[in-house]
file final.txt (compact mmCIF, C-alpha atoms and all ligand atoms)
# COMPACT_ATOMS: atom_id res chain seq x y z
CA MET A 201 -16.84 2.86 -46.57
CA GLY A 202 -18.44 6.11 -45.41
CA ALA A 203 -20.19 4.34 -42.61
CA LYS A 204 -16.92 2.76 -41.59
CA LYS A 205 -15.25 6.15 -41.37
CA GLU A 206 -18.13 7.44 -39.30
CA ASN A 207 -17.72 4.47 -37.04
CA ALA A 208 -14.02 5.11 -36.64
CA LYS A 209 -14.76 8.71 -35.75
CA GLU A 210 -17.30 7.60 -33.19
CA LYS A 211 -14.73 5.28 -31.66
CA LYS A 212 -12.20 8.08 -31.40
CA LYS A 213 -14.65 10.10 -29.43
CA ILE A 214 -14.58 7.74 -26.46
CA SER A 215 -12.37 9.55 -23.98
CA LEU A 216 -9.46 7.89 -22.25
CA THR A 217 -11.30 8.16 -18.96
CA SER A 218 -14.26 6.20 -20.32
CA LYS A 219 -11.94 3.62 -21.84
CA ILE A 220 -10.21 3.16 -18.50
CA PHE A 221 -13.55 2.75 -16.76
CA ILE A 222 -14.69 0.22 -19.31
CA ALA A 223 -11.37 -1.64 -18.95
CA LEU A 224 -11.82 -1.61 -15.20
CA ILE A 225 -15.28 -3.16 -15.34
CA VAL A 226 -14.48 -5.65 -18.10
CA GLY A 227 -11.27 -6.56 -16.25
CA ALA A 228 -13.11 -7.15 -13.00
CA VAL A 229 -15.76 -9.27 -14.72
CA THR A 230 -13.13 -11.27 -16.62
CA GLY A 231 -11.21 -11.84 -13.40
CA MET A 232 -14.34 -13.01 -11.57
CA VAL A 233 -15.25 -15.37 -14.39
CA LEU A 234 -11.73 -16.81 -14.31
CA HIS A 235 -11.83 -17.14 -10.53
CA TYR A 236 -15.28 -18.64 -10.09
CA LEU A 237 -16.20 -20.31 -13.38
CA VAL A 238 -13.04 -21.51 -15.08
CA PRO A 239 -11.52 -24.61 -13.50
CA ASP A 240 -7.84 -24.46 -12.53
CA GLY A 241 -5.45 -25.82 -15.10
CA ASN A 242 -2.46 -25.04 -17.23
CA ILE A 243 -4.32 -22.82 -19.69
CA LYS A 244 -5.99 -20.73 -17.03
CA ASN A 245 -3.14 -20.44 -14.54
CA ASP A 246 0.03 -20.45 -16.65
CA VAL A 247 -1.14 -19.12 -19.99
CA ILE A 248 -3.86 -16.62 -19.11
CA VAL A 249 -3.38 -15.37 -15.54
CA GLU A 250 0.37 -15.71 -15.01
CA GLY A 251 1.11 -15.42 -18.73
CA VAL A 252 -0.79 -12.89 -20.80
CA LEU A 253 -2.37 -10.88 -17.99
CA TYR A 254 0.84 -10.83 -15.98
CA VAL A 255 3.02 -9.71 -18.87
CA LEU A 256 0.61 -6.99 -20.04
CA GLY A 257 0.02 -5.68 -16.51
CA GLN A 258 3.66 -5.73 -15.49
CA GLY A 259 4.67 -4.31 -18.88
CA PHE A 260 2.46 -1.33 -18.18
CA ILE A 261 3.91 -0.90 -14.68
CA ARG A 262 7.42 -1.02 -16.14
CA LEU A 263 6.50 1.68 -18.63
CA MET A 264 5.26 3.84 -15.77
CA LYS A 265 8.46 3.18 -13.84
CA MET A 266 10.48 4.11 -16.90
CA LEU A 267 9.04 7.61 -16.63
CA VAL A 268 9.80 8.21 -12.97
CA VAL A 269 13.43 9.33 -12.82
CA PRO A 270 13.54 11.62 -15.86
CA LEU A 271 10.08 13.01 -15.19
CA VAL A 272 10.74 13.81 -11.54
CA PHE A 273 14.19 15.18 -12.29
CA CYS A 274 13.05 17.54 -15.05
CA SER A 275 9.88 18.57 -13.31
CA LEU A 276 11.77 19.33 -10.10
CA VAL A 277 14.48 21.31 -11.86
CA CYS A 278 11.76 23.36 -13.57
CA GLY A 279 9.85 23.72 -10.29
CA SER A 280 12.87 24.87 -8.35
CA MET A 281 13.83 27.25 -11.15
CA ALA A 282 10.41 28.81 -10.61
CA ILE A 283 11.05 28.89 -6.86
CA GLY A 284 14.43 30.54 -7.55
CA ASP A 285 12.43 33.29 -9.20
CA THR A 286 10.50 33.89 -6.01
CA LYS A 287 13.28 36.22 -4.91
CA LYS A 288 11.91 38.64 -7.43
CA LEU A 289 8.66 38.67 -5.51
CA GLY A 290 10.37 38.67 -2.13
CA ASN A 291 7.85 38.48 0.64
CA VAL A 292 5.07 37.09 -1.57
CA GLY A 293 7.26 34.31 -2.91
CA GLY A 294 8.49 33.20 0.50
CA LYS A 295 5.00 33.19 2.02
CA THR A 296 3.48 31.34 -0.93
CA LEU A 297 6.16 28.71 -0.77
CA ALA A 298 5.71 28.26 2.97
CA PHE A 299 1.94 27.90 2.54
CA TYR A 300 2.33 25.41 -0.27
CA LEU A 301 4.72 23.21 1.67
CA VAL A 302 2.82 23.34 4.95
CA THR A 303 -0.59 22.61 3.37
CA THR A 304 0.92 19.63 1.53
CA ALA A 305 2.47 18.22 4.70
CA VAL A 306 -0.90 18.66 6.48
CA ALA A 307 -2.62 16.92 3.57
CA VAL A 308 -0.38 13.85 3.86
CA ALA A 309 -0.93 13.77 7.62
CA VAL A 310 -4.73 13.88 7.09
CA ALA A 311 -4.41 11.05 4.58
CA LEU A 312 -2.31 8.90 6.90
CA GLY A 313 -4.85 9.51 9.67
CA ILE A 314 -7.81 8.52 7.51
CA GLY A 315 -5.88 5.52 6.18
CA THR A 316 -5.23 4.40 9.74
CA LEU A 317 -8.86 4.87 10.75
CA LEU A 318 -10.55 3.24 7.76
CA ARG A 319 -7.87 0.58 7.20
CA PRO A 320 -8.64 0.11 3.49
CA GLY A 321 -5.97 -2.54 2.88
CA ILE A 322 -7.14 -4.94 5.57
CA GLY A 323 -8.88 -7.93 4.08
CA LEU A 324 -6.90 -7.91 0.86
CA ASP A 325 -4.85 -11.05 1.06
CA MET A 326 -1.86 -10.15 -1.04
CA SER A 327 -0.09 -13.39 -0.25
CA LYS A 328 -2.26 -14.97 -2.95
CA ILE A 329 -0.86 -12.65 -5.55
CA GLN A 330 2.55 -13.64 -6.69
CA VAL A 331 4.90 -10.73 -6.24
CA ASN A 332 7.99 -10.56 -8.33
CA ALA A 333 11.07 -10.37 -6.10
CA SER A 334 12.45 -7.52 -8.17
CA ASP A 335 9.28 -5.53 -7.51
CA ILE A 336 9.89 -5.51 -3.82
CA GLU A 337 12.50 -2.92 -3.30
CA THR A 338 12.79 -2.89 0.43
CA MET A 339 15.22 -0.47 1.92
CA GLU A 340 17.59 -1.87 4.48
CA SER A 341 16.99 -0.22 7.80
CA ALA A 342 19.79 2.23 8.42
CA SER A 343 20.77 4.37 11.38
CA LEU A 344 19.40 7.92 11.59
CA ALA A 345 22.85 9.35 10.83
CA GLN A 346 23.12 7.15 7.75
CA THR A 347 19.57 8.02 6.65
CA ILE A 348 20.42 11.71 6.78
CA LEU A 349 23.71 11.19 4.97
CA ASN A 350 21.98 9.05 2.33
CA ILE A 351 20.01 12.09 1.19
CA ILE A 352 23.19 13.65 -0.16
CA PRO A 353 24.22 12.02 -3.44
CA ASP A 354 27.92 11.19 -3.52
CA ASN A 355 27.48 10.55 -7.21
CA PRO A 356 24.38 12.14 -8.80
CA PHE A 357 24.64 9.95 -11.88
CA LYS A 358 24.64 6.83 -9.77
CA ALA A 359 21.61 8.22 -7.95
CA LEU A 360 19.81 8.76 -11.25
CA ALA A 361 20.77 5.32 -12.56
CA ASN A 362 19.71 3.54 -9.37
CA GLY A 363 16.55 5.61 -8.97
CA GLU A 364 17.62 6.88 -5.51
CA MET A 365 14.78 9.35 -5.43
CA LEU A 366 15.71 11.43 -2.42
CA GLN A 367 19.19 11.95 -3.83
CA VAL A 368 17.74 12.75 -7.25
CA ILE A 369 15.44 15.30 -5.63
CA VAL A 370 18.26 17.01 -3.77
CA PHE A 371 20.38 17.22 -6.89
CA ALA A 372 17.46 18.46 -9.02
CA LEU A 373 16.57 21.16 -6.49
CA VAL A 374 20.15 22.42 -6.37
CA VAL A 375 20.44 22.43 -10.17
CA GLY A 376 17.13 24.31 -10.49
CA VAL A 377 18.04 26.97 -7.94
CA ILE A 378 21.43 27.52 -9.59
CA LEU A 379 19.84 27.73 -13.05
CA ALA A 380 17.49 30.41 -11.73
CA LYS A 381 20.43 32.25 -10.22
CA LEU A 382 22.54 32.12 -13.37
CA GLY A 383 19.63 33.27 -15.55
CA GLU A 384 20.78 34.06 -19.08
CA ARG A 385 24.23 32.57 -18.51
CA ALA A 386 22.72 29.08 -18.34
CA GLU A 387 19.79 29.67 -20.65
CA VAL A 388 20.65 26.80 -22.98
CA VAL A 389 20.67 24.22 -20.18
CA ALA A 390 17.51 25.68 -18.65
CA ASN A 391 15.75 25.49 -22.00
CA PHE A 392 17.08 21.99 -22.59
CA ILE A 393 15.70 20.73 -19.29
CA SER A 394 12.38 22.43 -19.71
CA GLN A 395 12.07 20.97 -23.22
CA PHE A 396 13.02 17.57 -21.87
CA ASN A 397 10.29 18.12 -19.30
CA ASP A 398 7.85 18.63 -22.17
CA ILE A 399 9.10 15.40 -23.76
CA MET A 400 8.52 13.51 -20.53
CA MET A 401 5.01 14.92 -20.19
CA GLU A 402 4.24 13.85 -23.74
CA MET A 403 5.69 10.42 -23.02
CA THR A 404 3.47 10.17 -19.95
CA MET A 405 0.46 10.88 -22.14
CA MET A 406 1.58 8.16 -24.54
CA VAL A 407 2.06 5.62 -21.79
CA MET A 408 -1.28 6.59 -20.32
CA SER A 409 -2.97 5.91 -23.63
CA LEU A 410 -2.08 2.27 -22.97
CA ALA A 411 -3.70 2.46 -19.56
CA PRO A 412 -6.90 0.65 -20.62
CA ILE A 413 -4.86 -2.45 -21.52
CA GLY A 414 -2.75 -2.17 -18.38
CA VAL A 415 -5.76 -1.60 -16.15
CA PHE A 416 -7.70 -4.46 -17.70
CA SER A 417 -4.83 -6.91 -17.19
CA LEU A 418 -3.97 -5.81 -13.68
CA ILE A 419 -7.54 -5.86 -12.44
CA ALA A 420 -8.39 -9.11 -14.22
CA ARG A 421 -5.35 -10.82 -12.67
CA THR A 422 -6.14 -9.48 -9.21
CA PHE A 423 -9.74 -10.67 -9.37
CA ALA A 424 -8.75 -13.98 -10.99
CA ASN A 425 -6.45 -14.61 -8.04
CA ILE A 426 -8.55 -13.41 -5.16
CA GLY A 427 -12.08 -13.13 -6.48
CA PHE A 428 -14.67 -10.85 -4.96
CA SER A 429 -12.65 -10.20 -1.82
CA ALA A 430 -10.62 -7.61 -3.79
CA PHE A 431 -13.66 -5.46 -4.25
CA ILE A 432 -14.30 -4.28 -0.69
CA PRO A 433 -10.73 -3.11 0.04
CA LEU A 434 -10.60 -1.21 -3.26
CA ALA A 435 -13.92 0.48 -2.54
CA LYS A 436 -12.69 1.31 0.96
CA TYR A 437 -9.48 2.75 -0.47
CA MET A 438 -11.49 4.96 -2.81
CA ILE A 439 -13.78 6.15 -0.04
CA ALA A 440 -10.79 6.85 2.23
CA VAL A 441 -9.12 9.01 -0.45
CA LEU A 442 -12.36 10.88 -1.14
CA ILE A 443 -12.98 11.54 2.57
CA ALA A 444 -9.43 12.83 3.07
CA LEU A 445 -9.79 15.04 -0.02
CA ALA A 446 -13.06 16.45 1.30
CA ILE A 447 -11.51 17.18 4.72
CA GLN A 448 -8.63 19.04 3.09
CA CYS A 449 -10.81 20.94 0.64
CA PHE A 450 -13.79 21.85 2.78
CA GLY A 451 -12.12 21.76 6.20
CA VAL A 452 -8.42 22.63 6.26
CA TYR A 453 -8.50 25.17 3.41
CA GLN A 454 -11.62 26.91 4.61
CA ILE A 455 -10.34 27.20 8.19
CA LEU A 456 -7.10 28.68 6.85
CA LEU A 457 -9.01 31.09 4.62
CA LYS A 458 -11.22 32.26 7.46
CA ALA A 459 -8.37 32.50 9.96
CA PHE A 460 -5.96 34.39 7.73
CA THR A 461 -8.33 36.62 5.75
CA GLY A 462 -11.70 36.71 7.49
CA LEU A 463 -13.32 36.08 4.07
CA ASN A 464 -16.43 33.92 3.83
CA PRO A 465 -15.38 30.33 2.94
CA VAL A 466 -18.84 29.36 1.61
CA ARG A 467 -18.76 32.27 -0.80
CA PHE A 468 -15.27 31.24 -1.84
CA ILE A 469 -16.37 27.68 -2.64
CA LYS A 470 -19.47 28.86 -4.47
CA LYS A 471 -17.54 31.23 -6.69
CA PHE A 472 -14.64 28.88 -7.25
CA PHE A 473 -16.79 25.82 -7.93
CA PRO A 474 -16.77 26.09 -11.75
CA VAL A 475 -12.95 26.01 -11.72
CA MET A 476 -13.05 22.91 -9.54
CA ALA A 477 -15.49 21.30 -11.94
CA PHE A 478 -13.19 22.11 -14.85
CA ALA A 479 -10.19 20.60 -13.05
CA PHE A 480 -12.30 17.56 -12.17
CA SER A 481 -13.29 16.91 -15.72
CA THR A 482 -9.83 17.45 -17.25
CA ALA A 483 -7.68 16.01 -14.44
CA THR A 484 -4.98 18.52 -15.19
CA SER A 485 -3.89 21.41 -13.02
CA ASN A 486 -1.92 22.95 -15.86
CA ALA A 487 -4.94 23.38 -18.09
CA THR A 488 -6.82 25.05 -15.25
CA ILE A 489 -4.31 27.89 -14.75
CA PRO A 490 -6.00 30.53 -16.99
CA LEU A 491 -9.50 29.86 -15.70
CA SER A 492 -8.29 29.95 -12.12
CA ILE A 493 -6.50 33.29 -12.50
CA ASP A 494 -9.49 34.76 -14.29
CA THR A 495 -12.05 33.55 -11.74
CA LEU A 496 -9.96 34.74 -8.81
CA HIS A 497 -9.67 38.13 -10.47
CA LYS A 498 -13.19 38.68 -11.73
CA LYS A 499 -15.25 37.01 -9.04
CA MET A 500 -13.06 37.36 -5.99
CA GLY A 501 -11.08 40.50 -6.62
CA VAL A 502 -7.67 38.85 -6.31
CA SER A 503 -5.03 40.93 -8.09
CA LYS A 504 -3.51 39.28 -11.15
CA LYS A 505 -0.15 40.67 -10.07
CA ILE A 506 -0.08 38.02 -7.37
CA SER A 507 -2.11 35.22 -8.95
CA SER A 508 -0.23 35.25 -12.25
CA PHE A 509 2.80 34.15 -10.27
CA THR A 510 1.33 31.99 -7.50
CA ILE A 511 -1.19 29.99 -9.55
CA PRO A 512 1.27 28.63 -12.15
CA LEU A 513 3.78 27.99 -9.36
CA GLY A 514 1.07 26.12 -7.43
CA ALA A 515 0.06 24.09 -10.47
CA THR A 516 3.70 23.01 -10.74
CA ILE A 517 4.69 22.36 -7.16
CA ASN A 518 1.59 22.30 -4.93
CA MET A 519 -0.41 19.07 -5.22
CA ASP A 520 -2.17 18.50 -1.93
CA GLY A 521 -4.80 16.22 -3.46
CA THR A 522 -2.10 14.09 -5.05
CA SER A 523 -0.22 13.73 -1.78
CA ILE A 524 -3.46 12.74 -0.07
CA MET A 525 -3.91 9.88 -2.53
CA GLN A 526 -0.28 8.91 -1.92
CA GLY A 527 -0.69 8.94 1.85
CA VAL A 528 -3.78 6.72 1.71
CA ALA A 529 -2.09 4.45 -0.85
CA VAL A 530 0.83 3.96 1.53
CA MET A 531 -1.52 2.87 4.30
CA PHE A 532 -3.44 0.64 1.87
CA ALA A 533 -0.30 -1.13 0.66
CA ALA A 534 1.22 -1.47 4.12
CA GLN A 535 -2.01 -3.02 5.42
CA ALA A 536 -2.49 -5.28 2.41
CA PHE A 537 1.05 -6.63 2.62
CA GLY A 538 1.08 -6.71 6.41
CA ILE A 539 4.07 -4.38 6.58
CA HIS A 540 4.51 -2.52 9.83
CA LEU A 541 5.34 1.15 9.45
CA THR A 542 7.42 2.80 12.18
CA PRO A 543 6.92 6.42 13.32
CA MET A 544 10.07 7.27 11.37
CA ASP A 545 8.42 5.74 8.26
CA TYR A 546 5.43 8.08 8.70
CA VAL A 547 7.76 11.06 8.88
CA THR A 548 9.56 9.80 5.76
CA VAL A 549 6.21 9.44 3.94
CA ILE A 550 5.20 13.00 4.86
CA GLY A 551 8.57 14.25 3.63
CA THR A 552 8.71 12.26 0.39
CA ALA A 553 5.04 12.81 -0.48
CA THR A 554 5.56 16.55 -0.02
CA LEU A 555 8.57 16.38 -2.32
CA ALA A 556 6.70 14.10 -4.72
CA SER A 557 4.02 16.76 -4.88
CA ILE A 558 6.65 19.23 -6.07
CA GLY A 559 7.86 16.66 -8.58
CA THR A 560 4.37 15.83 -9.90
CA ALA A 561 3.56 17.54 -13.16
CA GLY A 562 0.07 19.01 -13.42
CA ILE A 563 -1.21 16.55 -16.00
CA PRO A 564 -3.29 13.37 -15.64
CA SER A 565 -1.95 10.35 -13.75
CA VAL A 566 1.50 11.65 -12.87
CA GLY A 567 0.64 11.29 -9.18
CA LEU A 568 0.61 7.56 -9.75
CA VAL A 569 4.06 7.71 -11.31
CA THR A 570 5.58 9.64 -8.41
CA LEU A 571 3.84 7.26 -6.00
CA THR A 572 6.54 4.68 -6.74
CA MET A 573 9.03 7.08 -5.23
CA VAL A 574 7.01 7.35 -2.01
CA PHE A 575 6.62 3.57 -1.85
CA ASN A 576 10.33 3.02 -2.36
CA SER A 577 11.20 5.46 0.40
CA VAL A 578 9.64 3.16 3.00
CA GLY A 579 10.21 -0.13 1.21
CA LEU A 580 6.65 -0.91 0.15
CA PRO A 581 6.15 -3.24 -2.84
CA VAL A 582 5.21 -1.28 -5.95
CA GLU A 583 3.00 -4.23 -6.90
CA ALA A 584 0.27 -2.60 -4.82
CA ILE A 585 0.22 0.32 -7.25
CA GLY A 586 -0.92 -2.11 -9.93
CA ILE A 587 -4.03 -2.83 -7.91
CA ILE A 588 -5.06 0.75 -7.22
CA MET A 589 -4.13 1.84 -10.72
CA GLY A 590 -7.39 0.46 -12.04
CA ILE A 591 -9.48 2.89 -10.08
CA ASP A 592 -7.09 5.80 -10.16
CA ARG A 593 -8.73 7.79 -12.92
CA ILE A 594 -11.72 8.91 -10.90
CA LEU A 595 -9.46 9.73 -7.96
CA ASP A 596 -7.17 11.67 -10.29
CA MET A 597 -10.11 13.85 -11.26
CA ALA A 598 -11.10 14.48 -7.65
CA ARG A 599 -7.56 15.16 -6.44
CA THR A 600 -6.88 17.58 -9.28
CA ALA A 601 -9.88 19.64 -8.14
CA VAL A 602 -8.33 19.74 -4.67
CA ASN A 603 -4.87 20.51 -6.04
CA ILE A 604 -6.04 23.69 -7.73
CA THR A 605 -8.31 24.71 -4.83
CA GLY A 606 -5.22 24.61 -2.61
CA ASP A 607 -3.41 26.92 -5.00
CA ALA A 608 -6.34 29.32 -5.07
CA VAL A 609 -6.77 29.42 -1.29
CA CYS A 610 -3.06 30.08 -0.73
CA THR A 611 -3.15 32.75 -3.42
CA THR A 612 -6.13 34.48 -1.83
CA ILE A 613 -4.49 34.41 1.61
CA VAL A 614 -1.17 35.77 0.38
CA ALA A 615 -2.92 38.39 -1.76
CA CYS A 616 -5.12 39.45 1.15
CA GLN A 617 -2.11 39.89 3.39
CA ASN A 618 -0.57 42.12 0.76
CA GLY A 619 -3.71 44.21 0.35
CA ALA A 620 -4.27 42.78 -3.12
CA VAL A 621 -7.86 41.54 -2.71
CA ASP A 622 -10.78 43.78 -3.58
CA LYS A 623 -13.19 42.68 -0.86
CA GLU A 624 -16.12 44.42 -2.47
CA VAL A 625 -15.75 42.19 -5.52
CA PHE A 626 -15.32 39.13 -3.29
CA ASN A 627 -18.44 39.87 -1.25
CA LYS A 628 -20.63 40.75 -4.23
CA ALA A 629 -23.36 38.16 -4.73
CA GLU A 630 -23.19 36.44 -8.12
N1 LIG A 701 -3.66 15.10 -12.37
C1 LIG A 701 -3.01 15.79 -11.31
C2 LIG A 701 -2.93 17.26 -11.60
O1 LIG A 701 -2.86 17.66 -12.72
C3 LIG A 701 -1.66 15.26 -11.02
C4 LIG A 701 -1.80 13.85 -10.49
O2 LIG A 701 -2.04 13.71 -9.29
O3 LIG A 701 -1.68 12.92 -11.24
O4 LIG A 701 -2.97 18.07 -10.69

call {"tool": "encode", "arguments": {"input": "final.txt", "output": "C-alpha cells", "more": "lines below"}}
Ligand code: ASP
result
Amino acid sequence: MGAKKENAKEKKKISLTSKIFIALIVGAVTGMVLHYLVPDGNIKNDVIVEGVLYVLGQGFIRLMKMLVVPLVFCSLVCGSMAIGDTKKLGNVGGKTLAFYLVTTAVAVAVALGIGTLLRPGIGLDMSKIQVNASDIETMESASLAQTILNIIPDNPFKALANGEMLQVIVFALVVGVILAKLGERAEVVANFISQFNDIMMEMTMMVMSLAPIGVFSLIARTFANIGFSAFIPLAKYMIAVLIALAIQCFGVYQILLKAFTGLNPVRFIKKFFPVMAFAFSTATSNATIPLSIDTLHKKMGVSKKISSFTIPLGATINMDGTSIMQGVAVMFAAQAFGIHLTPMDYVTVIGTATLASIGTAGIPSVGLVTLTMVFNSVGLPVEAIGIIMGIDRILDMARTAVNITGDAVCTTIVACQNGAVDKEVFNKAE
C-alpha cells in the first residue's frame, strides 16, 4: 500500500514536458512499427490509424481550437486595456508600444526569410495524409478593397461565432481601449473579462495536460502514414525555428540595444542569462515577470518605475519568439501542402502574427493555439499544426526565452532614453 502511494507520487513528479517528449518518441516508434512492420489491412488502417489515432489526435486539435476565440478575445481585451493605460505614462508608453510592435513584425519577417531559405516543409508529402475537408478553411481570394473592409465586423457576434479572427481582434481592441478609458465606470465588465481570461488560461492548462495523448496519436498517425520521411522535415522545421530565434535574440536585439543605448550587448546577455534560463525551463513569460524586473534593476540599473510597467505589458503583448515560430510554421505548412503564398499573403502573415503575439497569453503552448488564427488568415490547413504540435514543447521553451529577452531589451532602451538606467550598475562586472 505504502509502496503504491510512493509509486503514485513518483509518477506525479514526471513533468508535462517530459511526458510530451516521451509521447513524442513512443508515438514516432509506434508509427514506424505500423508503417514498416504491420501489414496493411482493416485492423491497421481503419481501426488503428484512421480510427483510434485519428479520433484522439483530431479530438485534441478540436479542444485546442475550442480555446482560440474566447482566449484571444479575452487576452486581447486585457492587453488593450493595458495599452489604454499607456496614456498615463505618455512618452514611455508610446515608445514601448512602438518598439514592441516593430520588433515583432521584424521577428516574423526573419522567420519567413529563414523558412524560405531552409524550406523545412519540402519533402513532407502531405497528400498521403488524409485531410478532413472541414479542416481546410481556405479563404476565398477577395479584392484588396474587400479585404480591408472585411477587417471591420458588421456583426461582432457573428465574427465571434464564425471565428473571423481579424474581426474579433478589431472588436476586442476597441472594447479594451474603451474599458481603459471608462475606468471605474466599467469596472464590472473589465473584471468580468479579466476573470474570464483567467478561466481560459486555466482551460488551456487543462487541455494541455492531455497533450501527451494528443501528441502520441498525431505523431503515430503521421509516421504510420509516411514513415521515416516525416522525420527530416520536422527536424528541419525545428532547426529553422531555432536559427530564427537565435538571429532575433543575439542579432536583432543586440544591434538595437547597441544602436539606441550604446550599452554593451555581451554584458547584457551575460547578466540577463539566468532570466532566460528560467523562462526556458518554465515556458511561461508571465512567471518570469518578477525575476526579470529584479534582474534589470539590480544587475543592469534599470529603474523599476519603467520596468514595472513595460515588463508586464511585454509579457502580455510582446511575443517575438512566438511569432517567429508562427512565421516558420506558415512556411512549413505552405511547403508541405504545396500551397503558393502571394506577396499579399506574406504581408497578411506579418500582420496577423503580430496581432497573434498580442493575443497570446504568456503561458505554455498558447502560441500553438493562436497559430490557427495565422493559418486561417492565409487559408492554410490547420492539419499541419497537428504535425508540428508533437515537437512544440521544446520550441515553446526556446521561444519563451526570446519573448522575455525582447521585453527586457525594449525596456532597457526606453529606460535609457528616459535617463532611467544607472550605467555604473550596468557596467559593473558580476
Ligand atoms: N509560452 C509562451 C510564453 O509564455 C507563449 C507561447 O508561445 O506559447 O511566452

call {"tool": "atom_distance", "arguments": {"input": "final.txt", "atom1": "CA of Pro239 (chain A)", "atom2": "CA of Leu224 (chain A)"}}
result
23.1 Å

call {"tool": "closest_residue", "arguments": {"input": "final.txt", "among": "A:Pro581, A:Gly462, A:Gly606, A:Gly551", "to": "Ala309 (chain A)", "atoms": "all atoms listed in the file"}}
result
A:Gly551

call {"tool": "closest_residue", "arguments": {"input": "final.txt", "among": "A:Ile322, A:Ala359, A:Leu263, A:Ile426", "to": "Val249 (chain A)", "atoms": "all atoms listed in the file"}}
result
A:Ile426

call {"tool": "closest_residue", "arguments": {"input": "final.txt", "among": "A:Arg262, A:Lys470, A:Arg599, A:Lys295", "to": "ligand LIG 701 (chain A)", "atoms": "all atoms listed in the file"}}
result
A:Arg599

call {"tool": "closest_atom_pairs", "arguments": {"input": "final.txt", "of": "region 222-332 of chain A", "to": "region 528-541 of chain A", "cutoff": "7 Å", "atoms": "all atoms listed in the file", "output": "tab-separated table"}}
result
residue	atom	partner	partner_atom	distance
A:Ala311	CA	A:Val528	CA	5.2
A:Leu312	CA	A:Val528	CA	5.8
A:Gly315	CA	A:Val528	CA	5.1
A:Thr316	CA	A:Met531	CA	6.8
A:Arg319	CA	A:Phe532	CA	6.9
A:Pro320	CA	A:Phe532	CA	5.5
A:Gly321	CA	A:Phe532	CA	4.2
A:Ile322	CA	A:Gln535	CA	5.5
A:Leu324	CA	A:Ala536	CA	5.4
A:Asp325	CA	A:Ala536	CA	6.4
A:Met326	CA	A:Phe537	CA	5.9

call {"tool": "residues_around", "arguments": {"input": "final.txt", "residues": "region 389-394 of chain A", "least_positions_apart": "2", "cutoff": "7 Å", "atoms": "all atoms listed in the file", "output": "JSON, numbers by chain"}}
result
{"A": [274, 278, 379, 386, 387, 396, 397, 398]}

call {"tool": "write_last_selection", "arguments": {"input": "final.txt", "atoms": "C-alpha atoms", "output": "mmCIF file, in the frame of the given file"}}
result
data_model
loop_
_atom_site.group_PDB
_atom_site.id
_atom_site.type_symbol
_atom_site.label_atom_id
_atom_site.label_comp_id
_atom_site.auth_asym_id
_atom_site.auth_seq_id
_atom_site.Cartn_x
_atom_site.Cartn_y
_atom_site.Cartn_z
ATOM 1 C CA CYS A 274 13.050 17.540 -15.050
ATOM 2 C CA CYS A 278 11.760 23.360 -13.570
ATOM 3 C CA LEU A 379 19.840 27.730 -13.050
ATOM 4 C CA ALA A 386 22.720 29.080 -18.340
ATOM 5 C CA GLU A 387 19.790 29.670 -20.650
ATOM 6 C CA PHE A 396 13.020 17.570 -21.870
ATOM 7 C CA ASN A 397 10.290 18.120 -19.300
ATOM 8 C CA ASP A 398 7.850 18.630 -22.170
#

call {"tool": "residues_near_ligand", "arguments": {"input": "final.txt", "ligand": "ligand LIG 701 (chain A)", "cutoff": "10 Å", "atoms": "all atoms listed in the file", "output": "NGL selection string"}}
result
:A and (479-480 or 482-488 or 514-526 or 556-557 or 559-571 or 592-593 or 595-604)

call {"tool": "atom_distance", "arguments": {"input": "final.txt", "atom1": "CA of Ser409 (chain A)", "atom2": "CA of Glu583 (chain A)"}}
result
20.5 Å

call {"tool": "closest_residue", "arguments": {"input": "final.txt", "among": "A:Ile419, A:Val407, A:Ala372, A:Ala380", "to": "Val229 (chain A)", "atoms": "all atoms listed in the file"}}
result
A:Ile419

call {"tool": "closest_residue", "arguments": {"input": "final.txt", "among": "A:Leu418, A:Ile439, A:Ile220, A:Cys610", "to": "Phe509 (chain A)", "atoms": "all atoms listed in the file"}}
result
A:Cys610

call {"tool": "atom_distance", "arguments": {"input": "final.txt", "atom1": "CA of Pro490 (chain A)", "atom2": "CA of Asn464 (chain A)"}}
result
23.5 Å

call {"tool": "residues_around", "arguments": {"input": "final.txt", "residues": "Asp246 (chain A)", "least_positions_apart": "6", "cutoff": "12 Å", "atoms": "all atoms listed in the file", "output": "PDB file with C-alpha atoms, in the frame of the given file"}}
result
ATOM      1  CA  ASP A 240      -7.840 -24.460 -12.530  1.00  0.00           C
ATOM      2  CA  VAL A 252      -0.790 -12.890 -20.800  1.00  0.00           C
ATOM      3  CA  LEU A 253      -2.370 -10.880 -17.990  1.00  0.00           C
ATOM      4  CA  TYR A 254       0.840 -10.830 -15.980  1.00  0.00           C
ATOM      5  CA  VAL A 255       3.020  -9.710 -18.870  1.00  0.00           C
ATOM      6  CA  ARG A 421      -5.350 -10.820 -12.670  1.00  0.00           C
TER       7      ARG A 421
END

call {"tool": "build_atoms", "arguments": {"input": "final.txt", "residues": "region 610-615 of chain A", "atoms": "N, CA and C atoms", "output": "PDB file, keeping the file's coordinate frame"}}
result
ATOM      1  N   CYS A 610      -4.337  29.471  -1.111  1.00  0.00           N
ATOM      2  CA  CYS A 610      -3.060  30.080  -0.730  1.00  0.00           C
ATOM      3  C   CYS A 610      -2.901  31.433  -1.402  1.00  0.00           C
ATOM      4  N   THR A 611      -3.259  31.490  -2.678  1.00  0.00           N
ATOM      5  CA  THR A 611      -3.150  32.750  -3.420  1.00  0.00           C
ATOM      6  C   THR A 611      -3.997  33.837  -2.775  1.00  0.00           C
ATOM      7  N   THR A 612      -5.245  33.488  -2.427  1.00  0.00           N
ATOM      8  CA  THR A 612      -6.130  34.480  -1.830  1.00  0.00           C
ATOM      9  C   THR A 612      -5.569  34.961  -0.485  1.00  0.00           C
ATOM     10  N   ILE A 613      -5.043  34.029   0.303  1.00  0.00           N
ATOM     11  CA  ILE A 613      -4.490  34.410   1.610  1.00  0.00           C
ATOM     12  C   ILE A 613      -3.303  35.356   1.433  1.00  0.00           C
ATOM     13  N   VAL A 614      -2.370  34.947   0.573  1.00  0.00           N
ATOM     14  CA  VAL A 614      -1.170  35.770   0.380  1.00  0.00           C
ATOM     15  C   VAL A 614      -1.563  37.140  -0.206  1.00  0.00           C
ATOM     16  N   ALA A 615      -2.490  37.119  -1.157  1.00  0.00           N
ATOM     17  CA  ALA A 615      -2.920  38.390  -1.760  1.00  0.00           C
ATOM     18  C   ALA A 615      -3.574  39.279  -0.711  1.00  0.00           C
TER      19      ALA A 615
END
